[in-house]
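K.L.:
Provided herewith is a single structure, encoded as structure tokens, for subsequent inquiry.
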Amino acid sequence: MALRSRANPHDAERAAFARVTQAARIRRDEDARQHQDEVRRQAQRIWALARPAPDTHPYLASKAVAAHGLRLYKGALVVPVQDLAGTLQGLQFISPGGVKRFLKGGRVRGLCAWLGDLPSPSGDEQPTLLVAEGVATAASLREASGHTVVIAFNAGNLGAVAATLRARYHGARIVVCADDDHLTPGNPGRTHAIEAARTVGGAVAVPDFGDDQLADATDFNDLARLRGLSAVLTAIETAAKPPQPFAGDRDSNGAQCAWPDPEPLTAPIESRPYPVDALPPLLRDAVIEAQAFVQSPAALVACSALSALSIAVQGIVNVRRDPQLAGPVSLYLLSVAESGERKTTCDRIFGAALRDWERDRALACAAELAEYETATASYDAKKAGLLESIKRKRRDAQDTADDDRALVDLRATAPAPVSVPRLLYADATPEALAHALATGWPSAAVLSAEAGAVFGAHGMGYETILRNLALLNVLWDGGEISVDRRSKPSFRLRDSRLTFGVMIQPEALRGFIERAGALPRGSGFIARFLIAWPASTQGHRPYRRAPQAMPAVDVFNGRVRALLDTPLITDAQGGLAPTMLDFSPAAHAAWVQAYDHIERQLGGAGHYASIRDVAAKAAENIARLAALLHVLDHGAAGEIDERCVEGASRIVDWHLHEARRLLADLDAPPELAAAIRFDAWLRDEALRTGDLRIASARIYQYGPGYVRDSKALKAALALLDERGRARVEQEGRHRFVVVNPALLAGLPAGA
């Protein structure tokens with residue numbers, strides 16, 4: 001379906017789009033309701049089992065505050081996440097070291113906790129209610145003032161919680177107590193607090209640390225510990241309403257411009273953080289260390305590391321899920337990101353062991369290769385002499401029997417080719433790649449920051465695309481295929497292994513899909529990939545000096561090198577014959593559980609209904625990844641344990657979610673897809689800077705490439721304005737794109 005005009009879409013197209021959007025919203029809301037019901041039941045069970053927390057809990061002691069009715073569960077503080085009616089909706093856990101996490105899947109927006117008693121909404125009093133971000137801050141505010149303090153959990157939720165309080169307590173004095181994130185661009189703690197106070201007609205209190213503010217002093221708990229509770233109380237008592245916002249938010253009469261409720265551009269699928277904690281320690285530590293330096297999205301760093309691991313392991317083991325379900329462990333990893341995300345740097349870091357091993361093996365083979373070349377030259381000369389003799393004798397009608405026998409004997413002494421290992425390819429056509437694997441080293445990888453080997457125009461025209469995709473599918477399966485060629489020798493590909501670790505820009509992928517039509521998905525090619533579409537980190541990467549050493553990366557690369565040194569086992573025909581790995585009983589049960597969960601979601605209303613082709617391969621990818629994680633820690637022996645399967649399941653589940661996001665975007669008309677991505681960029685920019693206004697000049701200079709053209713920008717803005725998501729406003733000679741504040745409510749800064 002193509003939308004003719006973003007500003008004035010055709011009535012029929014508008015109605016069709018509205019029906020699709022409404023159906024998706026209903027399905028999403030029902031799924032969310034069912035899931036939230038389960039989260040509530042789980043929260044209630046844990047809260048009932050938790051016991052009162054002591055004031056001596058390490059986190060509370062480090063913050064010098066009391067427990068204020070919090071509870072303790074398995075060593076962690078438990079904070080209720082509830083609505084103002086007191087209905088428990090979820091939980092927050094705080095470890096002794098201060099690590100905070102919410103009950104998985106729980107809702108936070110508009111929900112809160114509170115210290116002290118909430119007043120009756122029907123009372124005549126006009127209470128003072130304080131709103132703050134975190135538990136320790138709230139405890140210090142409570143202990144300093146005696147007022148009830150409502151905890152919003154993050155800066156982005158301050159506005160929603162304050163609005164809920166205002167709706168319940170019309171006459172209350174609401175003071176939003178800001179964190180002063182003075183070292184974070186845009187100071188999101190202060191910015192969100194000011195916006196929340198403006199929304200409800202409340203006041204803003206900001207901790208005053210004076211001119212010698214320490215770098216890590218940001219909130220009222222820090223103020224209490226540095227300057228005492230009296231300084232906290234002074235800030236509350238002197239809190240004032242924030243100044244009015246910029247003029248662009250007001251109409252010609254000076255009245256505040258009202259925003260409509262934003263409508264979705266399509267059924268929204270939000271990104272999730274990459275589950276780095278699901279990786280085993282050796283791999284996790286290397287990824288965290290490399291990401292801290294490179295500052296690429298964590299998913300890109302992890303995919304580079306997993307590509308290296310897949311290359312090292314794919315030739316030495318297979319994995320068996322069931323007696324009739326066994327196969328390779330190779331991974332196909334596809335990252336979709338704009339140029340400049342530093343994937344090449346990630347590949348260089350985690351490909352060091354691969355390149356060093358390839359170089360060392362080539363040097364080790366040098367003498368043998370020289371002997372082979374000498375022997376081949378001698379063999380060719382003898383063969384040429386015999387063939388010339390046979391040709392001359394036949395011309396002269398002489399007997400050639402002796403020469404024929406000599407030629408047969410000579411062929412039996414033909415020098416055996418020297419197999420010089422080659423692991424890495426960057427820009428080979430699928431056919432050239434298959435030929436190299438069939439006639440040379442049988443285990444290789446395509447590592448590319450441009451994905452030219454697969455998605456480029458060369459070798460991937462419509463006439464040849466089906467054949468090329470079939471080749472790549474066979475390589476993923478570890479199967480067998482004959483390749484017949486007219487101008488070059490034909491060959492047979494069997495029992496070889498290939499890893500893909502490639503990145504492609506969104507527009508290049510869209511172009512490939514448009515050229516290839518239904519073939520990439522219809523052939524099952526896209527389904528074999530673990531897809532990542534991470535949010536860009538560009539603009540959030542301050543300069544960092546290269547570290548003197550990266551010990552965790554060195555340990556991981558050393559392990560990869562050791563695995564590459566494992567001799568490959570081949571069968572009588574020269575194909576790979578890897579060792580077979582099996583699941584332990586507990587691991588097999590975990591794999592079956594993951595398989596059944598995915599299968600249930602393939603139905604009409606399931607999460608994976610729109611990506612059935614990708615989800616159908618997910619269970620096999622879980623098995624492959626679990627085998628890789630096992631070999632990393634234990635080598636090519638023993639049974640795969642339950643932890644490997646559980647970690648692999650979490651990672652593959654993340655990639656399935658990414659596939660849903662990406663393929664939904666690719667299925668959208670190009671103009672709509674551009675508006676969707678521009679909308680995401682605007683929200684990210686507003687969160688990063690703490691300013692809802694983004695100057696047009698900044699968009700043209702730093703915005704996504706697909707809206708730097710004025711015509712494309714105008715079309716995208718027309719659709720965003722129509723959907724109530726953003727609008728253009730003029731302030732003097734300057735033009736701004738302003739984001740609807742409702743789109744940022746409930747989101748933490750930097751989300």
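Chain labels A, B, ... are given in the sequence in which chains occur in the structure tokens; within each chain residues are numbered consecutively from 1, and ligands are likewise numbered from 1 in the order shown.
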Run DSSP on the backbone of this structure and report the residues of range 540-748 of chain A it assigns to strand (DSSP E or B), as a VMD selection string.
P.N.:
chain A and resid 570 576 579 to 583 640 693 to 695 726 to 731 734 to 739
K.L.:
Using N, CA and C atoms, can you export the residues from the last selection as a PDB file, in the first residue's frame?
P.N.:
```
ATOM      1  N   THR A 570      37.826 -34.547   9.009  1.00  0.00           N
ATOM      2  CA  THR A 570      37.158 -34.658   7.715  1.00  0.00           C
ATOM      3  C   THR A 570      36.833 -36.110   7.420  1.00  0.00           C
ATOM      4  N   LEU A 576      33.744 -31.842   6.121  1.00  0.00           N
ATOM      5  CA  LEU A 576      33.902 -31.746   7.566  1.00  0.00           C
ATOM      6  C   LEU A 576      33.066 -32.807   8.276  1.00  0.00           C
ATOM      7  N   THR A 579      32.572 -33.052  15.687  1.00  0.00           N
ATOM      8  CA  THR A 579      32.093 -33.769  16.867  1.00  0.00           C
ATOM      9  C   THR A 579      30.648 -33.361  17.165  1.00  0.00           C
ATOM     10  N   MET A 580      29.830 -34.324  17.584  1.00  0.00           N
ATOM     11  CA  MET A 580      28.428 -34.040  17.877  1.00  0.00           C
ATOM     12  C   MET A 580      28.249 -33.706  19.355  1.00  0.00           C
ATOM     13  N   LEU A 581      27.642 -32.574  19.639  1.00  0.00           N
ATOM     14  CA  LEU A 581      27.319 -32.188  21.013  1.00  0.00           C
ATOM     15  C   LEU A 581      25.837 -32.423  21.275  1.00  0.00           C
ATOM     16  N   ASP A 582      25.513 -32.921  22.473  1.00  0.00           N
ATOM     17  CA  ASP A 582      24.129 -33.149  22.879  1.00  0.00           C
ATOM     18  C   ASP A 582      23.788 -32.268  24.074  1.00  0.00           C
ATOM     19  N   PHE A 583      22.485 -32.070  24.275  1.00  0.00           N
ATOM     20  CA  PHE A 583      21.997 -31.365  25.455  1.00  0.00           C
ATOM     21  C   PHE A 583      21.960 -32.305  26.652  1.00  0.00           C
ATOM     22  N   ILE A 640      25.842 -29.977  26.708  1.00  0.00           N
ATOM     23  CA  ILE A 640      25.466 -28.575  26.831  1.00  0.00           C
ATOM     24  C   ILE A 640      24.541 -28.429  28.035  1.00  0.00           C
ATOM     25  N   ARG A 693      12.599  21.293  21.659  1.00  0.00           N
ATOM     26  CA  ARG A 693      12.806  22.003  20.393  1.00  0.00           C
ATOM     27  C   ARG A 693      14.106  21.547  19.741  1.00  0.00           C
ATOM     28  N   ILE A 694      14.015  21.218  18.465  1.00  0.00           N
ATOM     29  CA  ILE A 694      15.215  20.889  17.688  1.00  0.00           C
ATOM     30  C   ILE A 694      15.263  21.855  16.517  1.00  0.00           C
ATOM     31  N   ALA A 695      16.313  22.632  16.437  1.00  0.00           N
ATOM     32  CA  ALA A 695      16.430  23.640  15.385  1.00  0.00           C
ATOM     33  C   ALA A 695      16.488  22.976  14.014  1.00  0.00           C
ATOM     34  N   ALA A 726       4.709  15.899  16.285  1.00  0.00           N
ATOM     35  CA  ALA A 726       5.672  16.998  16.233  1.00  0.00           C
ATOM     36  C   ALA A 726       5.085  18.096  15.352  1.00  0.00           C
ATOM     37  N   ARG A 727       5.595  19.306  15.519  1.00  0.00           N
ATOM     38  CA  ARG A 727       5.120  20.396  14.682  1.00  0.00           C
ATOM     39  C   ARG A 727       6.247  21.418  14.511  1.00  0.00           C
ATOM     40  N   VAL A 728       6.108  22.227  13.484  1.00  0.00           N
ATOM     41  CA  VAL A 728       7.083  23.272  13.207  1.00  0.00           C
ATOM     42  C   VAL A 728       6.600  24.563  13.844  1.00  0.00           C
ATOM     43  N   GLU A 729       7.491  25.266  14.556  1.00  0.00           N
ATOM     44  CA  GLU A 729       7.155  26.543  15.171  1.00  0.00           C
ATOM     45  C   GLU A 729       8.241  27.558  14.853  1.00  0.00           C
ATOM     46  N   GLN A 730       7.816  28.800  14.741  1.00  0.00           N
ATOM     47  CA  GLN A 730       8.717  29.893  14.393  1.00  0.00           C
ATOM     48  C   GLN A 730       8.955  30.749  15.630  1.00  0.00           C
ATOM     49  N   GLU A 731      10.202  31.098  15.867  1.00  0.00           N
ATOM     50  CA  GLU A 731      10.549  32.018  16.954  1.00  0.00           C
ATOM     51  C   GLU A 731      11.522  33.042  16.380  1.00  0.00           C
ATOM     52  N   HIS A 734      14.083  32.085  13.559  1.00  0.00           N
ATOM     53  CA  HIS A 734      14.501  30.694  13.723  1.00  0.00           C
ATOM     54  C   HIS A 734      13.291  29.754  13.679  1.00  0.00           C
ATOM     55  N   ARG A 735      13.499  28.615  13.017  1.00  0.00           N
ATOM     56  CA  ARG A 735      12.459  27.592  12.938  1.00  0.00           C
ATOM     57  C   ARG A 735      12.898  26.386  13.764  1.00  0.00           C
ATOM     58  N   PHE A 736      11.915  25.819  14.460  1.00  0.00           N
ATOM     59  CA  PHE A 736      12.179  24.659  15.299  1.00  0.00           C
ATOM     60  C   PHE A 736      11.160  23.571  14.982  1.00  0.00           C
ATOM     61  N   VAL A 737      11.592  22.336  15.134  1.00  0.00           N
ATOM     62  CA  VAL A 737      10.652  21.215  15.185  1.00  0.00           C
ATOM     63  C   VAL A 737      10.471  20.885  16.661  1.00  0.00           C
ATOM     64  N   VAL A 738       9.226  20.892  17.111  1.00  0.00           N
ATOM     65  CA  VAL A 738       8.921  20.690  18.530  1.00  0.00           C
ATOM     66  C   VAL A 738       8.244  19.338  18.693  1.00  0.00           C
ATOM     67  N   VAL A 739       8.718  18.553  19.645  1.00  0.00           N
ATOM     68  CA  VAL A 739       8.195  17.215  19.897  1.00  0.00           C
ATOM     69  C   VAL A 739       7.059  17.300  20.906  1.00  0.00           C
TER      70      VAL A 739
END
```
K.L.:
Would you pick out the contacts of Cys365 in chain A at 12 Å or less, using only C-alpha atoms, so that residues sharing its chain but fewer than 3 positions from it are not included, and give the list as a VMD selection string?
P.N.:
chain A and resid 358 to 362 368 to 373 417 to 422
K.L.:
Hey, can you spit out that residue selection with N, CA, C and O atoms as an mmCIF file, in the first residue's frame?
P.N.:
```cif
data_model
loop_
_atom_site.group_PDB
_atom_site.id
_atom_site.type_symbol
_atom_site.label_atom_id
_atom_site.label_comp_id
_atom_site.auth_asym_id
_atom_site.auth_seq_id
_atom_site.Cartn_x
_atom_site.Cartn_y
_atom_site.Cartn_z
ATOM 1 N N GLU A 358 45.212 -16.911 10.704
ATOM 2 C CA GLU A 358 45.259 -17.059 9.250
ATOM 3 C C GLU A 358 46.665 -16.732 8.728
ATOM 4 O O GLU A 358 47.209 -17.450 7.877
ATOM 5 N N ARG A 359 47.264 -15.673 9.238
ATOM 6 C CA ARG A 359 48.611 -15.283 8.817
ATOM 7 C C ARG A 359 49.642 -16.324 9.222
ATOM 8 O O ARG A 359 50.505 -16.728 8.426
ATOM 9 N N ASP A 360 49.550 -16.785 10.475
ATOM 10 C CA ASP A 360 50.526 -17.763 10.960
ATOM 11 C C ASP A 360 50.440 -19.078 10.197
ATOM 12 O O ASP A 360 51.465 -19.714 9.902
ATOM 13 N N ARG A 361 49.220 -19.493 9.882
ATOM 14 C CA ARG A 361 49.082 -20.743 9.121
ATOM 15 C C ARG A 361 49.629 -20.586 7.705
ATOM 16 O O ARG A 361 50.208 -21.519 7.142
ATOM 17 N N ALA A 362 49.442 -19.407 7.118
ATOM 18 C CA ALA A 362 49.989 -19.171 5.779
ATOM 19 C C ALA A 362 51.517 -19.219 5.808
ATOM 20 O O ALA A 362 52.151 -19.798 4.907
ATOM 21 N N GLU A 368 56.018 -25.685 2.461
ATOM 22 C CA GLU A 368 55.272 -26.769 1.822
ATOM 23 C C GLU A 368 54.663 -26.311 0.499
ATOM 24 O O GLU A 368 54.635 -27.061 -0.484
ATOM 25 N N LEU A 369 54.204 -25.061 0.476
ATOM 26 C CA LEU A 369 53.616 -24.520 -0.744
ATOM 27 C C LEU A 369 54.683 -24.358 -1.830
ATOM 28 O O LEU A 369 54.427 -24.628 -3.017
ATOM 29 N N ALA A 370 55.884 -23.944 -1.439
ATOM 30 C CA ALA A 370 56.969 -23.817 -2.416
ATOM 31 C C ALA A 370 57.322 -25.180 -3.009
ATOM 32 O O ALA A 370 57.548 -25.310 -4.226
ATOM 33 N N GLU A 371 57.397 -26.220 -2.169
ATOM 34 C CA GLU A 371 57.669 -27.570 -2.660
ATOM 35 C C GLU A 371 56.567 -28.029 -3.610
ATOM 36 O O GLU A 371 56.836 -28.664 -4.649
ATOM 37 N N TYR A 372 55.324 -27.696 -3.258
ATOM 38 C CA TYR A 372 54.202 -28.083 -4.119
ATOM 39 C C TYR A 372 54.299 -27.404 -5.480
ATOM 40 O O TYR A 372 54.071 -28.032 -6.525
ATOM 41 N N GLU A 373 54.653 -26.127 -5.474
ATOM 42 C CA GLU A 373 54.759 -25.404 -6.738
ATOM 43 C C GLU A 373 55.881 -25.974 -7.599
ATOM 44 O O GLU A 373 55.743 -26.104 -8.829
ATOM 45 N N PRO A 417 47.412 -30.964 -3.648
ATOM 46 C CA PRO A 417 47.369 -29.522 -3.357
ATOM 47 C C PRO A 417 47.582 -29.252 -1.871
ATOM 48 O O PRO A 417 47.198 -30.050 -1.007
ATOM 49 N N VAL A 418 48.212 -28.135 -1.588
ATOM 50 C CA VAL A 418 48.403 -27.693 -0.202
ATOM 51 C C VAL A 418 47.222 -26.816 0.173
ATOM 52 O O VAL A 418 46.937 -25.820 -0.503
ATOM 53 N N SER A 419 46.529 -27.191 1.228
ATOM 54 C CA SER A 419 45.373 -26.417 1.664
ATOM 55 C C SER A 419 45.834 -25.319 2.615
ATOM 56 O O SER A 419 46.177 -25.577 3.772
ATOM 57 N N VAL A 420 45.863 -24.092 2.113
ATOM 58 C CA VAL A 420 46.257 -22.940 2.933
ATOM 59 C C VAL A 420 44.993 -22.334 3.522
ATOM 60 O O VAL A 420 44.124 -21.863 2.781
ATOM 61 N N PRO A 421 44.849 -22.356 4.838
ATOM 62 C CA PRO A 421 43.595 -21.877 5.430
ATOM 63 C C PRO A 421 43.318 -20.417 5.096
ATOM 64 O O PRO A 421 44.194 -19.561 5.199
ATOM 65 N N ARG A 422 42.085 -20.162 4.690
ATOM 66 C CA ARG A 422 41.602 -18.792 4.559
ATOM 67 C C ARG A 422 40.264 -18.710 5.266
ATOM 68 O O ARG A 422 39.312 -19.403 4.907
#
```
K.L.:
Looking at only C-alpha atoms, which of A:Glu685, A:Glu620, A:Asp679, A:Asp347 is the one that sits closest to Ala718 in chain A?
P.N.:
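Ranked by minimum distance to Ala718 in chain A, first place goes to A:Asp679.
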K.L.:
Hey, what's within 9 Å of range 609-615 of chain A if we count only C-alpha atoms and toss same-chain stuff fewer than 6 positions away? As a list of chain:residue names, please?
P.N.:
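Contacts, with the query itself left out: A:Arg521, A:Gly522, A:Gly524, A:Ile526, A:Ala527, A:Arg528, A:Phe529, A:Leu530, A:Ile598, A:Glu599, A:Gln601, A:Leu602, A:Gly603, A:Leu656, A:Ala659, A:Arg660, A:Leu663, A:Ala664.
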K.L.:
Excluding Asp181 in chain A and its own-chain neighbours fewer than 6 positions away, which residues fall within 7 Å of it when counting only C-alpha atoms? Please give them as a list in words.
P.N.:
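Those residues are Asn187, Pro188, Gly189, Arg190 and Thr218 of chain A.
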K.L.:
Give the alpha helix (DSSP H) residues of range 463-500 of chain A, as DSSP finds them on the backbone, and put them as a ChimeraX atom specification.
P.N.:
/A:463-477
K.L.:
Selection from above, N, CA and C atoms, as a compact mmCIF listing (two decimals), in the first residue's frame, can you write it?
P.N.:
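Listed below is the output, again_8.txt:
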```txt
# COMPACT_ATOMS: atom_id res chain seq x y z
N GLU A 463 18.10 -12.02 -11.94
CA GLU A 463 18.27 -13.26 -12.68
C GLU A 463 19.05 -14.31 -11.90
N THR A 464 19.97 -13.87 -11.07
CA THR A 464 20.83 -14.82 -10.36
C THR A 464 20.53 -14.91 -8.87
N ILE A 465 19.62 -14.09 -8.38
CA ILE A 465 19.46 -13.99 -6.93
C ILE A 465 18.98 -15.30 -6.30
N LEU A 466 18.05 -16.01 -6.96
CA LEU A 466 17.53 -17.23 -6.36
C LEU A 466 18.63 -18.27 -6.21
N ARG A 467 19.49 -18.38 -7.24
CA ARG A 467 20.59 -19.34 -7.17
C ARG A 467 21.55 -18.97 -6.05
N ASN A 468 21.87 -17.69 -5.94
CA ASN A 468 22.81 -17.25 -4.91
C ASN A 468 22.25 -17.44 -3.50
N LEU A 469 20.97 -17.14 -3.32
CA LEU A 469 20.36 -17.34 -2.01
C LEU A 469 20.32 -18.81 -1.66
N ALA A 470 20.08 -19.66 -2.66
CA ALA A 470 20.07 -21.10 -2.41
C ALA A 470 21.45 -21.57 -1.93
N LEU A 471 22.51 -21.04 -2.54
CA LEU A 471 23.86 -21.39 -2.11
C LEU A 471 24.09 -21.01 -0.65
N LEU A 472 23.69 -19.79 -0.29
CA LEU A 472 23.91 -19.32 1.07
C LEU A 472 23.05 -20.09 2.07
N ASN A 473 21.86 -20.47 1.65
CA ASN A 473 21.01 -21.29 2.52
C ASN A 473 21.64 -22.65 2.77
N VAL A 474 22.20 -23.26 1.72
CA VAL A 474 22.86 -24.56 1.86
C VAL A 474 24.04 -24.46 2.82
N LEU A 475 24.79 -23.38 2.72
CA LEU A 475 25.93 -23.20 3.63
C LEU A 475 25.47 -23.09 5.08
N TRP A 476 24.36 -22.39 5.32
CA TRP A 476 23.84 -22.30 6.70
C TRP A 476 23.41 -23.67 7.19
N ASP A 477 22.80 -24.45 6.31
CA ASP A 477 22.32 -25.78 6.68
C ASP A 477 23.43 -26.81 6.77
```
K.L.:
Using only C-alpha atoms, tabulate the residues of range 622-719 of chain A lying at most 10 Å from any atom of range 552-560 of chain A, each with its closest atom pair and that distance in Å to one decimal, by chain and increasing residue number, as CSV.
P.N.:
```
residue,atom,partner,partner_atom,distance
A:Leu632,CA,A:Arg559,CA,7.3
A:Asp633,CA,A:Arg559,CA,9.0
A:Gly635,CA,A:Arg559,CA,9.8
```
K.L.:
Find the residues around range 112-121 of chain A up to 10 Å (only C-alpha atoms counted), leave out those fewer than 2 positions away in its own chain, and share them as a PyMOL selection string.
P.N.:
chain A and resi 67-70+79-86+88-92+108-110+123-135+138-139+141-143+146-154+157-158+160-161+164-165+167-172
K.L.:
Only C-alpha atoms, please: the residues just picked out, written as a short mmCIF file (atom, residue, chain, number, x, y, z; two decimals), in the first residue's frame.
P.N.:
```cif
data_model
loop_
_atom_site.label_atom_id
_atom_site.label_comp_id
_atom_site.auth_asym_id
_atom_site.auth_seq_id
_atom_site.Cartn_x
_atom_site.Cartn_y
_atom_site.Cartn_z
CA ALA A 67 13.98 1.84 55.45
CA HIS A 68 10.61 3.68 55.64
CA GLY A 69 8.56 0.51 55.24
CA LEU A 70 10.49 -1.05 52.36
CA VAL A 79 10.00 -1.11 46.48
CA PRO A 80 6.30 -1.39 45.54
CA VAL A 81 5.29 0.02 42.16
CA GLN A 82 1.64 0.96 42.53
CA ASP A 83 -1.11 3.36 41.56
CA LEU A 84 -2.52 5.93 43.96
CA ALA A 85 -5.28 3.52 44.94
CA GLY A 86 -2.57 1.30 46.41
CA LEU A 88 0.40 -3.25 43.41
CA GLN A 89 1.40 -3.26 39.72
CA GLY A 90 5.06 -4.26 39.90
CA LEU A 91 8.22 -4.09 42.00
CA GLN A 92 11.60 -2.43 41.98
CA VAL A 108 6.26 2.04 35.41
CA ARG A 109 4.75 5.01 33.59
CA GLY A 110 2.29 6.87 35.79
CA GLY A 123 -10.22 16.18 52.92
CA ASP A 124 -10.28 19.95 53.28
CA GLU A 125 -6.57 20.27 53.92
CA GLN A 126 -4.17 21.45 51.23
CA PRO A 127 -1.16 19.19 51.81
CA THR A 128 2.36 19.56 50.48
CA LEU A 129 3.34 16.58 48.35
CA LEU A 130 6.90 16.07 47.17
CA VAL A 131 7.75 14.15 43.99
CA ALA A 132 11.24 12.71 43.46
CA GLU A 133 13.00 10.19 41.29
CA GLY A 134 14.57 7.56 43.56
CA VAL A 135 14.23 5.86 46.92
CA ALA A 138 12.81 10.40 48.68
CA ALA A 139 13.99 9.13 52.06
CA LEU A 141 13.30 14.50 51.60
CA ARG A 142 10.93 12.69 53.97
CA GLU A 143 13.37 12.81 56.87
CA GLY A 146 8.06 15.21 57.26
CA HIS A 147 6.01 15.60 54.05
CA THR A 148 4.73 12.65 52.06
CA VAL A 149 7.18 11.94 49.23
CA VAL A 150 6.04 10.20 46.05
CA ILE A 151 8.70 8.22 44.14
CA ALA A 152 8.50 8.39 40.32
CA PHE A 153 11.51 6.05 39.76
CA ASN A 154 12.98 8.06 36.86
CA ASN A 157 8.05 9.63 34.86
CA LEU A 158 7.96 12.80 36.98
CA ALA A 160 3.01 11.54 34.64
CA VAL A 161 3.15 11.05 38.42
CA THR A 164 -1.86 11.90 38.61
CA LEU A 165 -1.36 13.65 41.95
CA ALA A 167 -5.96 15.04 39.39
CA ARG A 168 -6.45 13.54 42.88
CA TYR A 169 -5.40 16.51 45.04
CA HIS A 170 -6.61 19.67 43.32
CA GLY A 171 -5.53 22.07 46.07
CA ALA A 172 -2.26 20.46 47.07
#
```
K.L.:
Ala203 in chain A: which residues within 6 Å, counting only C-alpha atoms, same-chain residues fewer than 3 positions away excluded, as an mmCIF file with all heavy atoms, in the first residue's frame?
P.N.:
```
data_model
loop_
_atom_site.group_PDB
_atom_site.id
_atom_site.type_symbol
_atom_site.label_atom_id
_atom_site.label_comp_id
_atom_site.auth_asym_id
_atom_site.auth_seq_id
_atom_site.Cartn_x
_atom_site.Cartn_y
_atom_site.Cartn_z
ATOM 1 N N VAL A 175 5.497 19.848 44.962
ATOM 2 C CA VAL A 175 6.879 20.270 44.745
ATOM 3 C C VAL A 175 7.619 19.119 44.059
ATOM 4 O O VAL A 175 7.740 18.026 44.625
ATOM 5 C CB VAL A 175 7.580 20.629 46.067
ATOM 6 C CG1 VAL A 175 9.022 21.080 45.788
ATOM 7 C CG2 VAL A 175 6.815 21.714 46.809
ATOM 8 N N ALA A 197 6.568 20.259 36.745
ATOM 9 C CA ALA A 197 5.988 21.314 37.579
ATOM 10 C C ALA A 197 5.119 22.251 36.748
ATOM 11 O O ALA A 197 4.044 22.677 37.191
ATOM 12 C CB ALA A 197 7.102 22.090 38.281
ATOM 13 N N ALA A 239 11.148 26.454 47.358
ATOM 14 C CA ALA A 239 10.842 26.025 45.990
ATOM 15 C C ALA A 239 9.798 26.943 45.369
ATOM 16 O O ALA A 239 8.823 27.331 46.014
ATOM 17 C CB ALA A 239 10.342 24.585 45.993
ATOM 18 N N ALA A 240 9.981 27.302 44.110
ATOM 19 C CA ALA A 240 9.074 28.222 43.411
ATOM 20 C C ALA A 240 8.631 27.619 42.088
ATOM 21 O O ALA A 240 9.250 26.686 41.570
ATOM 22 C CB ALA A 240 9.770 29.557 43.171
ATOM 23 N N LYS A 241 7.558 28.180 41.565
ATOM 24 C CA LYS A 241 7.090 27.720 40.265
ATOM 25 C C LYS A 241 8.119 28.080 39.195
ATOM 26 O O LYS A 241 8.716 29.156 39.244
ATOM 27 C CB LYS A 241 5.743 28.354 39.930
ATOM 28 C CG LYS A 241 4.589 27.850 40.805
ATOM 29 C CD LYS A 241 3.260 28.438 40.351
ATOM 30 C CE LYS A 241 2.116 27.875 41.195
ATOM 31 N NZ LYS A 241 0.794 28.405 40.747
#
```
K.L.:
Can you list, as a PyMOL selection string, every protein, DNA or RNA residue that comes within 9 Å of Ala305 in chain A when you count only C-alpha atoms, leaving out same-chain residues fewer than 6 positions away?
P.N.:
chain A and resi 283+286-287+346-347+349-351+556
K.L.:
Between CA of Leu333 in chain A and CA of Asp665 in chain A, what is the distance, to one decimal in Å?
P.N.:
18.8 Å
